[in-house]
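Here the structure comes first, spelled out in structure tokens, and everything after it is commentary.
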Amino acid sequence: MTIGLEDVRAAAARIEGHLSRTPVVSAARLGDMAGCRIHLKLESQHATGSFKERGALNKLLSLGAAERTAGVIAMSAGNHAQAVACHATRLGIRSTIVMPSFTPFTKVERTESLGAKVELHGDTLSDAAAFAHDLAARQGLTFVHPYDDPFVAAGQGTAALEFLAEVPDLDTLVIPIGGGGLIAGMATAAKALNPAIQIIGVQCALYPAMAQALAGQPIVCGGATIAEGIAVKAPGGITLPIVRALVDDVIEVGETRLEEAVYRLSTMQKLVAEGAGGAGLAAVLDNPARFAGRKLGIVISGGNIDSRILAQVLMRGLVYEGRIVRLRIGITDAPGALARVTRLLGEAGANIVEVYHQRLFHNVPVKMAEVDVVLETRDQSHVQALMVRMRDAGFPTALMTDVS
């Protein structure tokens, strides 16, 4: 089973009037950083914050009257759950979402608020999926797969129709890959409209299931990633052949680059993206020579990032840029020494955030102490100037590089 351009166009006609077109914006500053021209397709601007609405809605609209009356079921702890719940409720279709028992309460509450009945079952995603299929068979429900369904993949492909209609001369599309629904649908449409366009898929290095399957390797993946939306352990049976036929390459990116992409999108483009949503930009930042001079279309696939994770990413980004640093400064354990240190730092333009004064627990002589000072600074060159100033004043100073 496969899909073609006609299926994607049929999906576009089906969802017309149900979903607003998502914006396409140029990203000149990011392009200058990477040495190319970048346009971003903001799938994060859907009502539930991700591209998943396209496929879920197309699938729901394809159902017959009896299927709608019986209801639908899906297994998801993320964006797919909200997409199915949102549009099923809007269309008057009863929906059940099966989530693993460890799913955070906020995700359960959000899905229920969109009108779905949530069933918590199993200690793993596989357990939850098996239960959902069993429940579908027993209750006569239609299972809405998150990616391995021709209607779902065709629905996701409508993003490519919109993207190329707005920027027809793109020469490369960079698309995140989880199970492959988004890239399969978009590649189908894009290659049919422009056979010369390059399609580059991006996976997080901890979950390279699609890349491993394409290479005929055993699938080995796992670990904690910021890109939960593409942390998929098995590509789809429908999507894998499409990716093999139409996608030019699949790139893996590590956690550091994924974090940087989220940070850059937030600080330079003023966009909130989840880890999976920033994967395309992460690949470009990680491989600038490969994309140099090209006109890229990057899909920002979702914006549902936990606010605590976003806060940590932003703080770590400031540390990476040298705008927040921790210096360890050696001083004599005598009155006035600490005051002199703080005065020197202030005169040099650093803002003191925190001070930790240690006499006992660091390996220093009894008449000495060490002060750990957290500072706001302008950039890395400012940090180096501060360290030189402190050392010239007789205070041994070291940059503490951990950001935990």
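By order in the structure tokens, chains are A, B, ...; within a chain, residues start at 1; ligands start at 1, following the order shown.
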
* Tell me which protein, DNA and RNA residues are within 12 Å of A:Gly280, counting only C-alpha atoms, leaving out same-chain ones fewer than 3 positions away, and put them as JSON, numbers by chain. => {"A": [38, 39, 40, 41, 172, 173, 174, 175, 176, 177, 183, 199, 200, 201, 202, 203, 204, 227, 230, 250, 251, 252, 253, 257, 258, 260, 261, 262, 265, 273, 274, 275, 276, 277, 283, 284, 285, 286, 287, 291, 296, 297, 298, 299, 300, 301, 302]}

* Considering only C-alpha atoms, return as a PyMOL selection string whatever protein or nucleic-acid residues lie within 12 Å of stretch 377-379 of chain A, sequence-local ones (same chain, fewer than 3 positions apart) excluded. => chain A and resi 317-327+345-346+348-353+373-374+382-387

* Between atom CA of A:Cys36 and atom CA of A:Gln269, measure the distance and give it in Å to one decimal. => 15.6 Å

Show me, as CSV, the residues of stretch 116-203 of chain A having an atom within 6 Å of stretch 70-86 of chain A, each with the closest atom pair and its distance in Å, using only C-alpha atoms.
residue,atom,partner,partner_atom,distance
A:Ala116,CA,A:Ala85,CA,5.1
A:Ala129,CA,A:Met75,CA,5.7
A:Leu141,CA,A:Val72,CA,4.9
A:Thr142,CA,A:Val72,CA,4.6
A:Phe143,CA,A:Ile73,CA,5.0
A:Val144,CA,A:Ala74,CA,5.1
A:Pro146,CA,A:His80,CA,6.0

Restricting the output to all heavy atoms, write the selected residues as a JSON list (two decimals), in the first residue's frame.
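Saved as result18.json:
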[["chain", "number", "residue", "atom", "x", "y", "z"],
["A", 116, "ALA", "N", -11.78, 13.69, 24.61],
["A", 116, "ALA", "CA", -11.53, 12.25, 24.48],
["A", 116, "ALA", "C", -11.69, 11.54, 25.82],
["A", 116, "ALA", "O", -11.49, 12.14, 26.88],
["A", 116, "ALA", "CB", -10.13, 12.00, 23.93],
["A", 129, "ALA", "N", -0.20, 0.14, 23.12],
["A", 129, "ALA", "CA", -0.62, -0.09, 21.74],
["A", 129, "ALA", "C", -1.39, -1.39, 21.60],
["A", 129, "ALA", "O", -2.42, -1.46, 20.93],
["A", 129, "ALA", "CB", 0.59, -0.09, 20.81],
["A", 141, "LEU", "N", -14.14, -0.21, 17.15],
["A", 141, "LEU", "CA", -13.64, 1.15, 16.94],
["A", 141, "LEU", "C", -12.62, 1.17, 15.80],
["A", 141, "LEU", "O", -11.94, 0.18, 15.54],
["A", 141, "LEU", "CB", -12.97, 1.67, 18.21],
["A", 141, "LEU", "CG", -13.80, 1.60, 19.50],
["A", 141, "LEU", "CD1", -12.94, 2.04, 20.69],
["A", 141, "LEU", "CD2", -15.04, 2.47, 19.38],
["A", 142, "THR", "N", -12.51, 2.27, 15.11],
["A", 142, "THR", "CA", -11.49, 2.45, 14.08],
["A", 142, "THR", "C", -10.20, 2.94, 14.72],
["A", 142, "THR", "O", -10.21, 3.96, 15.42],
["A", 142, "THR", "CB", -11.94, 3.46, 13.02],
["A", 142, "THR", "OG1", -13.12, 2.95, 12.36],
["A", 142, "THR", "CG2", -10.85, 3.68, 11.98],
["A", 143, "PHE", "N", -9.11, 2.23, 14.48],
["A", 143, "PHE", "CA", -7.83, 2.61, 15.05],
["A", 143, "PHE", "C", -7.20, 3.68, 14.16],
["A", 143, "PHE", "O", -7.06, 3.48, 12.94],
["A", 143, "PHE", "CB", -6.91, 1.40, 15.16],
["A", 143, "PHE", "CG", -5.62, 1.69, 15.89],
["A", 143, "PHE", "CD1", -5.56, 1.63, 17.27],
["A", 143, "PHE", "CD2", -4.47, 2.03, 15.19],
["A", 143, "PHE", "CE1", -4.39, 1.89, 17.95],
["A", 143, "PHE", "CE2", -3.28, 2.31, 15.85],
["A", 143, "PHE", "CZ", -3.25, 2.24, 17.24],
["A", 144, "VAL", "N", -6.82, 4.79, 14.76],
["A", 144, "VAL", "CA", -6.17, 5.88, 14.03],
["A", 144, "VAL", "C", -4.68, 5.85, 14.39],
["A", 144, "VAL", "O", -4.27, 6.28, 15.46],
["A", 144, "VAL", "CB", -6.78, 7.25, 14.37],
["A", 144, "VAL", "CG1", -6.10, 8.36, 13.55],
["A", 144, "VAL", "CG2", -8.29, 7.24, 14.12],
["A", 146, "PRO", "N", -0.75, 6.75, 14.43],
["A", 146, "PRO", "CA", -0.08, 8.06, 14.37],
["A", 146, "PRO", "C", 0.69, 8.31, 13.09],
["A", 146, "PRO", "O", 0.95, 9.47, 12.74],
["A", 146, "PRO", "CB", 0.87, 8.04, 15.58],
["A", 146, "PRO", "CG", 1.02, 6.60, 15.94],
["A", 146, "PRO", "CD", -0.26, 5.93, 15.56]]

* Asked: Could you pull out all residues of stretch 176-369 of chain A with a DSSP call of strand (DSSP E) and give them as a PyMOL selection string?
  -> chain A and resi 176+198-204+249-253+295-300+324-332+351-358+368-369

* Which of stretch 41-126 of chain A fall in helix (DSSP H, G or I), as a VMD selection string -> chain A and resid 43 to 45 52 to 61 65 to 70 79 to 90 105 to 113 125 to 126

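Shortest separation to A:Leu161 among A:Arg37, A:Arg9, A:His87, A:Arg340 occurs at residue A:Arg9, atoms counted being only C-alpha atoms.
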
Fewer than 3 positions away in the same chain doesn't count, so skip those; otherwise give me all residues within 9 Å of A:Gly92, counting only C-alpha atoms, as an mmCIF file with N, CA and C atoms, in the first residue's frame.
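That gives us selection.cif:
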data_model
loop_
_atom_site.group_PDB
_atom_site.id
_atom_site.type_symbol
_atom_site.label_atom_id
_atom_site.label_comp_id
_atom_site.auth_asym_id
_atom_site.auth_seq_id
_atom_site.Cartn_x
_atom_site.Cartn_y
_atom_site.Cartn_z
ATOM 1 N N ARG A 68 -17.985 6.382 11.890
ATOM 2 C CA ARG A 68 -18.102 7.574 12.727
ATOM 3 C C ARG A 68 -19.005 7.311 13.925
ATOM 4 N N THR A 69 -20.071 6.584 13.681
ATOM 5 C CA THR A 69 -21.000 6.288 14.774
ATOM 6 C C THR A 69 -20.338 5.413 15.825
ATOM 7 N N HIS A 87 -10.145 16.929 16.828
ATOM 8 C CA HIS A 87 -10.970 16.898 15.620
ATOM 9 C C HIS A 87 -12.089 15.866 15.694
ATOM 10 N N ALA A 88 -11.881 14.806 16.435
ATOM 11 C CA ALA A 88 -12.988 13.871 16.628
ATOM 12 C C ALA A 88 -14.137 14.568 17.366
ATOM 13 N N THR A 89 -13.817 15.293 18.406
ATOM 14 C CA THR A 89 -14.850 16.016 19.159
ATOM 15 C C THR A 89 -15.541 17.038 18.264
#

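Using only C-alpha atoms for every distance, the candidate list A:Ile219, A:Ala337, A:Leu57, A:Leu42 yields A:Leu57 as the residue closest to A:Glu16.
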
* Point-to-point distance from atom CA of A:Thr256 to atom CA of A:Ser126, Å rounded to tenths -> 28.3 Å

Enumerate, in order of chain and increasing residue number, the residues of stretch 289-398 of chain A with an atom no farther than 12 Å from stretch 105-110 of chain A, each with its shortest atom pair and distance in Å to one decimal, counting only C-alpha atoms, as CSV.
residue,atom,partner,partner_atom,distance
A:Asn304,CA,A:Lys107,CA,10.6
A:Ile305,CA,A:Lys107,CA,11.6
A:Asp306,CA,A:Thr106,CA,10.1

* To do: Extract, using only C-alpha atoms, all DNA, RNA and protein residues at most 8 Å from A:Ala231, discarding same-chain residues fewer than 5 positions from it, and format them as a ChimeraX atom specification.
  => /A:178,204,206-207,222,225

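Distances to A:Gln358 were evaluated for A:Val25, A:Ile329, A:Ala311, A:Ala339 using only C-alpha atoms, and the minimum falls at A:Ile329.
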
* Within 9 Å of stretch 118-125 of chain A using only C-alpha atoms, minus same-chain residues under 4 positions, as number ranges by chain -> A: 75-77, 95-103, 108-109, 111-112, 129-132

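Proximity to stretch 152-157 of chain A at 6 Å, evaluated using only C-alpha atoms and with sequence-adjacent residues fewer than 2 positions away removed, yields Asp7, Val8, Ala11, Arg54, Gly55, Ala56, Asn58, Lys59, Asp149, Pro150, Ala159, Ala160, Gly181, Leu182, Gly185 and Met186 of chain A.
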
Take the residues just selected and output them with N, CA, C and O atoms as a compact mmCIF listing (two decimals), in the first residue's frame.
# COMPACT_ATOMS: atom_id res chain seq x y z
N ASP A 7 -3.54 11.40 -3.84
CA ASP A 7 -4.03 11.18 -2.47
C ASP A 7 -3.78 12.41 -1.61
O ASP A 7 -4.61 12.77 -0.76
N VAL A 8 -2.62 13.04 -1.79
CA VAL A 8 -2.30 14.24 -1.02
C VAL A 8 -3.23 15.39 -1.43
O VAL A 8 -3.72 16.14 -0.57
N ALA A 11 -6.53 14.82 0.09
CA ALA A 11 -6.49 15.18 1.50
C ALA A 11 -6.59 16.69 1.68
O ALA A 11 -7.31 17.18 2.57
N ARG A 54 -3.15 17.45 10.65
CA ARG A 54 -3.42 17.21 9.23
C ARG A 54 -3.81 15.75 8.98
O ARG A 54 -4.83 15.45 8.36
N GLY A 55 -2.96 14.84 9.44
CA GLY A 55 -3.21 13.43 9.20
C GLY A 55 -4.41 12.90 9.96
O GLY A 55 -5.22 12.13 9.41
N ALA A 56 -4.53 13.31 11.22
CA ALA A 56 -5.66 12.85 12.03
C ALA A 56 -6.98 13.31 11.41
O ALA A 56 -7.94 12.53 11.29
N ASN A 58 -7.61 14.20 8.24
CA ASN A 58 -7.87 13.53 6.97
C ASN A 58 -8.41 12.12 7.20
O ASN A 58 -9.34 11.68 6.51
N LYS A 59 -7.85 11.42 8.16
CA LYS A 59 -8.32 10.07 8.48
C LYS A 59 -9.76 10.11 8.98
O LYS A 59 -10.61 9.32 8.54
N ASP A 149 -0.48 4.84 8.22
CA ASP A 149 -1.82 4.79 7.64
C ASP A 149 -1.80 5.69 6.41
O ASP A 149 -1.30 6.81 6.47
N PRO A 150 -2.30 5.23 5.26
CA PRO A 150 -2.21 6.04 4.04
C PRO A 150 -2.95 7.37 4.14
O PRO A 150 -2.51 8.38 3.58
N ALA A 159 1.20 19.57 3.94
CA ALA A 159 2.15 20.62 4.34
C ALA A 159 3.10 20.96 3.20
O ALA A 159 3.48 22.12 3.01
N ALA A 160 3.48 19.96 2.41
CA ALA A 160 4.38 20.20 1.27
C ALA A 160 3.68 20.99 0.17
O ALA A 160 4.28 21.87 -0.47
N GLY A 181 5.51 9.30 8.92
CA GLY A 181 4.30 9.78 8.28
C GLY A 181 4.46 11.14 7.63
O GLY A 181 4.03 11.36 6.50
N LEU A 182 5.10 12.07 8.34
CA LEU A 182 5.27 13.42 7.81
C LEU A 182 6.17 13.43 6.58
O LEU A 182 5.83 13.99 5.55
N GLY A 185 4.56 11.60 3.46
CA GLY A 185 3.55 12.40 2.78
C GLY A 185 4.14 13.59 2.07
O GLY A 185 3.79 13.88 0.91
N MET A 186 5.05 14.29 2.72
CA MET A 186 5.64 15.48 2.11
C MET A 186 6.53 15.11 0.93
O MET A 186 6.54 15.81 -0.09
